[in-house]
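The file input31.pdb comes next; it holds PDB, C-alpha atoms, pLDDT in the B column.
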ATOM      1  CA  MET N  92      -4.209  49.917  42.036  1.00 64.00           C
ATOM      2  CA  PHE N  93      -6.066  49.193  45.192  1.00 73.00           C
ATOM      3  CA  VAL N  94      -5.782  45.767  46.801  1.00 71.00           C
ATOM      4  CA  ASP N  95      -8.317  44.398  49.222  1.00 75.00           C
ATOM      5  CA  GLU N  96      -6.456  43.171  52.299  1.00 78.00           C
ATOM      6  CA  GLY N  97      -8.696  40.083  52.642  1.00 79.00           C
ATOM      7  CA  TRP N  98      -8.185  38.944  49.019  1.00 77.00           C
ATOM      8  CA  LYS N  99      -6.483  35.631  48.401  1.00 79.00           C
ATOM      9  CA  PRO N 100      -5.747  34.020  45.036  1.00 76.00           C
ATOM     10  CA  PRO N 101      -8.112  31.216  43.977  1.00 79.00           C
ATOM     11  CA  ARG N 102      -7.113  27.802  45.259  1.00 83.00           C
ATOM     12  CA  GLU N 103      -5.793  25.305  42.748  1.00 84.00           C
ATOM     13  CA  PRO N 104      -7.388  21.862  42.792  1.00 81.00           C
ATOM     14  CA  ALA N 105      -5.441  19.234  44.681  1.00 84.00           C
ATOM     15  CA  TRP N 106      -3.130  17.151  42.507  1.00 85.00           C
ATOM     16  CA  GLU N 107      -4.140  13.534  42.042  1.00 87.00           C
ATOM     17  CA  PRO N 108      -2.008  10.909  40.346  1.00 87.00           C
ATOM     18  CA  PRO N 109      -3.411   9.458  37.124  1.00 88.00           C
ATOM     19  CA  ALA N 110      -5.453   6.295  37.478  1.00 90.00           C
ATOM     20  CA  ARG N 111      -3.446   3.077  37.078  1.00 88.00           C
ATOM     21  CA  LYS N 112      -4.356   0.579  34.439  1.00 87.00           C
ATOM     22  CA  THR N 113      -5.265  -2.870  35.644  1.00 87.00           C
ATOM     23  CA  PRO N 114      -2.618  -5.522  35.002  1.00 91.00           C
ATOM     24  CA  LEU N 115      -3.002  -7.888  32.074  1.00 92.00           C
ATOM     25  CA  THR N 116      -4.968 -11.071  32.532  1.00 95.00           C
ATOM     26  CA  LYS N 117      -3.274 -14.414  31.825  1.00 95.00           C
ATOM     27  CA  ALA N 118      -4.997 -14.679  28.432  1.00 96.00           C
ATOM     28  CA  GLN N 119      -3.919 -11.167  27.437  1.00 96.00           C
ATOM     29  CA  GLU N 120      -0.393 -11.843  28.642  1.00 96.00           C
ATOM     30  CA  ARG N 121      -0.226 -15.046  26.600  1.00 97.00           C
ATOM     31  CA  ALA N 122      -1.509 -13.193  23.509  1.00 97.00           C
ATOM     32  CA  VAL N 123       1.158 -10.491  23.876  1.00 96.00           C
ATOM     33  CA  VAL N 124       3.914 -13.100  24.230  1.00 97.00           C
ATOM     34  CA  CYS N 125       2.652 -14.947  21.126  1.00 97.00           C
ATOM     35  CA  ILE N 126       2.564 -11.749  19.083  1.00 96.00           C
ATOM     36  CA  ILE N 127       6.096 -10.796  20.149  1.00 96.00           C
ATOM     37  CA  GLY N 128       7.328 -14.327  19.368  1.00 96.00           C
ATOM     38  CA  LEU N 129       5.710 -14.301  15.917  1.00 94.00           C
ATOM     39  CA  ASN N 130       7.242 -10.914  15.148  1.00 92.00           C
ATOM     40  CA  ALA N 131      10.671 -12.147  16.253  1.00 92.00           C
ATOM     41  CA  VAL N 132      10.403 -15.187  13.961  1.00 90.00           C
ATOM     42  CA  LEU N 133       9.209 -13.048  11.040  1.00 88.00           C
ATOM     43  CA  LEU N 134      12.121 -10.672  11.631  1.00 88.00           C
ATOM     44  CA  PHE N 135      14.466 -13.428  10.437  1.00 86.00           C
ATOM     45  CA  VAL N 136      12.226 -15.340   8.015  1.00 84.00           C
ATOM     46  CA  ALA N 137      10.606 -12.489   6.072  1.00 84.00           C
ATOM     47  CA  PRO N 138      13.803 -11.031   4.533  1.00 83.00           C
ATOM     48  CA  VAL N 139      14.726 -14.454   3.145  1.00 80.00           C
ATOM     49  CA  GLY N 140      11.229 -14.960   1.729  1.00 80.00           C
ATOM     50  CA  GLY N 141      11.132 -11.424   0.386  1.00 80.00           C
ATOM     51  CA  ALA N 142      14.477 -11.878  -1.346  1.00 82.00           C
ATOM     52  CA  SER N 143      13.248 -15.131  -2.921  1.00 84.00           C
ATOM     53  CA  VAL N 144      10.149 -13.384  -4.282  1.00 81.00           C
ATOM     54  CA  VAL N 145      12.238 -10.532  -5.701  1.00 81.00           C
ATOM     55  CA  HIS N 146      14.589 -13.028  -7.374  1.00 86.00           C
ATOM     56  CA  ALA N 147      11.624 -14.910  -8.809  1.00 85.00           C
ATOM     57  CA  PHE N 148      10.185 -11.708 -10.327  1.00 84.00           C
ATOM     58  CA  ILE N 149      13.576 -10.793 -11.763  1.00 86.00           C
ATOM     59  CA  ALA N 150      13.873 -14.288 -13.271  1.00 87.00           C
ATOM     60  CA  LEU N 151      10.351 -14.124 -14.748  1.00 88.00           C
ATOM     61  CA  PHE N 152      10.301 -10.554 -16.029  1.00 89.00           C
ATOM     62  CA  GLY N 153      13.989  -9.738 -16.371  1.00 83.00           C
ATOM     63  CA  GLN N 154      15.667  -8.996 -19.651  1.00 68.00           C
ATOM     64  CA  ARG N 155      16.853 -11.967 -21.608  1.00 58.00           C
TER
END

Exercise: express the given structure as structure tokens:
Amino acid sequence: MFVDEGWKPPREPAWEPPARKTPLTKAQERAVVCIIGLNAVLLFVAPVGGASVVHAFIALFGQR
């Protein structure tokens, strides 16, 4: 094949880092902390409540 001596490959666009997200506002930060706290509390409370509900259904509808 013939190659033109003045040919250069096309230039790639310059790399730019992705745009940064703005930091959370105080209200958003407080909301995130509240949600995490509620989930942490439910992590320990929900299994106990769930077990009580299961036991109640077994007591109500279980074989006699």

Give me, please, the distance in Å between CA of Ser143 (chain N) and CA of Asn130 (chain N), quoted to one decimal.
19.5 Å

Atomic separation - CA of Leu133 (chain N) relative to CA of Leu115 (chain N), Å:
24.9 Å

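Going from CA of Ala150 (chain N) over to CA of Pro138 (chain N), you cover 18.1 Å.
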
Return as AutoDock Vina command-line options the centre and edge lengths, in Å with one decimal, of the box along x, y and z that encloses every atom of region 118-132 of chain N in the file, padded by 3 Å per side.
--center_x 2.8 --center_y -12.8 --center_z 21.3 --size_x 21.7 --size_y 10.7 --size_z 20.7

Regenerate region 97-133 of chain N at the level of N, CA and C atoms and dump it as a compact mmCIF listing (two decimals), keeping the file's coordinate frame.
# COMPACT_ATOMS: atom_id res chain seq x y z
N GLY N 97 -8.20 41.42 52.39
CA GLY N 97 -8.70 40.08 52.64
C GLY N 97 -8.68 39.19 51.40
N TRP N 98 -8.17 39.72 50.27
CA TRP N 98 -8.18 38.94 49.02
C TRP N 98 -7.09 37.89 49.01
N LYS N 99 -7.46 36.71 48.57
CA LYS N 99 -6.48 35.63 48.40
C LYS N 99 -6.66 35.06 47.00
N PRO N 100 -5.60 34.58 46.38
CA PRO N 100 -5.75 34.02 45.04
C PRO N 100 -6.61 32.75 45.09
N PRO N 101 -7.29 32.43 43.97
CA PRO N 101 -8.11 31.22 43.98
C PRO N 101 -7.26 29.97 44.22
N ARG N 102 -7.83 29.03 44.91
CA ARG N 102 -7.11 27.80 45.26
C ARG N 102 -7.07 26.87 44.07
N GLU N 103 -5.92 26.29 43.83
CA GLU N 103 -5.79 25.30 42.75
C GLU N 103 -6.32 23.96 43.25
N PRO N 104 -6.91 23.18 42.35
CA PRO N 104 -7.39 21.86 42.79
C PRO N 104 -6.22 20.98 43.24
N ALA N 105 -6.49 20.13 44.17
CA ALA N 105 -5.44 19.23 44.68
C ALA N 105 -4.98 18.28 43.58
N TRP N 106 -3.68 18.04 43.53
CA TRP N 106 -3.13 17.15 42.51
C TRP N 106 -3.44 15.70 42.85
N GLU N 107 -3.88 14.96 41.86
CA GLU N 107 -4.14 13.53 42.04
C GLU N 107 -3.36 12.77 40.99
N PRO N 108 -2.74 11.68 41.35
CA PRO N 108 -2.01 10.91 40.35
C PRO N 108 -2.99 10.30 39.35
N PRO N 109 -2.53 10.07 38.11
CA PRO N 109 -3.41 9.46 37.12
C PRO N 109 -3.80 8.04 37.55
N ALA N 110 -4.97 7.63 37.11
CA ALA N 110 -5.45 6.30 37.48
C ALA N 110 -4.56 5.22 36.84
N ARG N 111 -4.27 4.17 37.60
CA ARG N 111 -3.45 3.08 37.08
C ARG N 111 -4.30 2.13 36.27
N LYS N 112 -3.68 1.59 35.23
CA LYS N 112 -4.36 0.58 34.44
C LYS N 112 -4.28 -0.75 35.19
N THR N 113 -5.29 -1.56 35.01
CA THR N 113 -5.26 -2.87 35.64
C THR N 113 -4.24 -3.75 34.93
N PRO N 114 -3.60 -4.65 35.65
CA PRO N 114 -2.62 -5.52 35.00
C PRO N 114 -3.29 -6.46 33.99
N LEU N 115 -2.48 -6.98 33.10
CA LEU N 115 -3.00 -7.89 32.07
C LEU N 115 -3.48 -9.20 32.69
N THR N 116 -4.52 -9.75 32.10
CA THR N 116 -4.97 -11.07 32.53
C THR N 116 -4.03 -12.11 31.92
N LYS N 117 -4.15 -13.35 32.35
CA LYS N 117 -3.27 -14.41 31.82
C LYS N 117 -3.47 -14.59 30.32
N ALA N 118 -4.72 -14.52 29.86
CA ALA N 118 -5.00 -14.68 28.43
C ALA N 118 -4.38 -13.53 27.62
N GLN N 119 -4.50 -12.31 28.13
CA GLN N 119 -3.92 -11.17 27.44
C GLN N 119 -2.39 -11.26 27.43
N GLU N 120 -1.84 -11.69 28.54
CA GLU N 120 -0.39 -11.84 28.64
C GLU N 120 0.11 -12.88 27.64
N ARG N 121 -0.60 -13.99 27.54
CA ARG N 121 -0.23 -15.05 26.60
C ARG N 121 -0.31 -14.54 25.16
N ALA N 122 -1.35 -13.75 24.85
CA ALA N 122 -1.51 -13.19 23.51
C ALA N 122 -0.36 -12.25 23.16
N VAL N 123 0.05 -11.42 24.11
CA VAL N 123 1.16 -10.49 23.88
C VAL N 123 2.45 -11.26 23.63
N VAL N 124 2.70 -12.30 24.40
CA VAL N 124 3.91 -13.10 24.23
C VAL N 124 3.90 -13.79 22.87
N CYS N 125 2.75 -14.30 22.44
CA CYS N 125 2.65 -14.95 21.13
C CYS N 125 2.91 -13.95 20.00
N ILE N 126 2.36 -12.76 20.12
CA ILE N 126 2.56 -11.75 19.08
C ILE N 126 4.03 -11.34 19.00
N ILE N 127 4.68 -11.16 20.14
CA ILE N 127 6.10 -10.80 20.15
C ILE N 127 6.93 -11.93 19.56
N GLY N 128 6.60 -13.18 19.92
CA GLY N 128 7.33 -14.33 19.37
C GLY N 128 7.17 -14.43 17.86
N LEU N 129 5.96 -14.24 17.36
CA LEU N 129 5.71 -14.30 15.92
C LEU N 129 6.48 -13.20 15.20
N ASN N 130 6.48 -12.00 15.76
CA ASN N 130 7.24 -10.91 15.15
C ASN N 130 8.74 -11.20 15.14
N ALA N 131 9.24 -11.81 16.20
CA ALA N 131 10.67 -12.15 16.25
C ALA N 131 11.02 -13.19 15.19
N VAL N 132 10.16 -14.18 15.00
CA VAL N 132 10.40 -15.19 13.96
C VAL N 132 10.35 -14.54 12.58
N LEU N 133 9.34 -13.70 12.34
CA LEU N 133 9.21 -13.05 11.04
C LEU N 133 10.36 -12.09 10.76
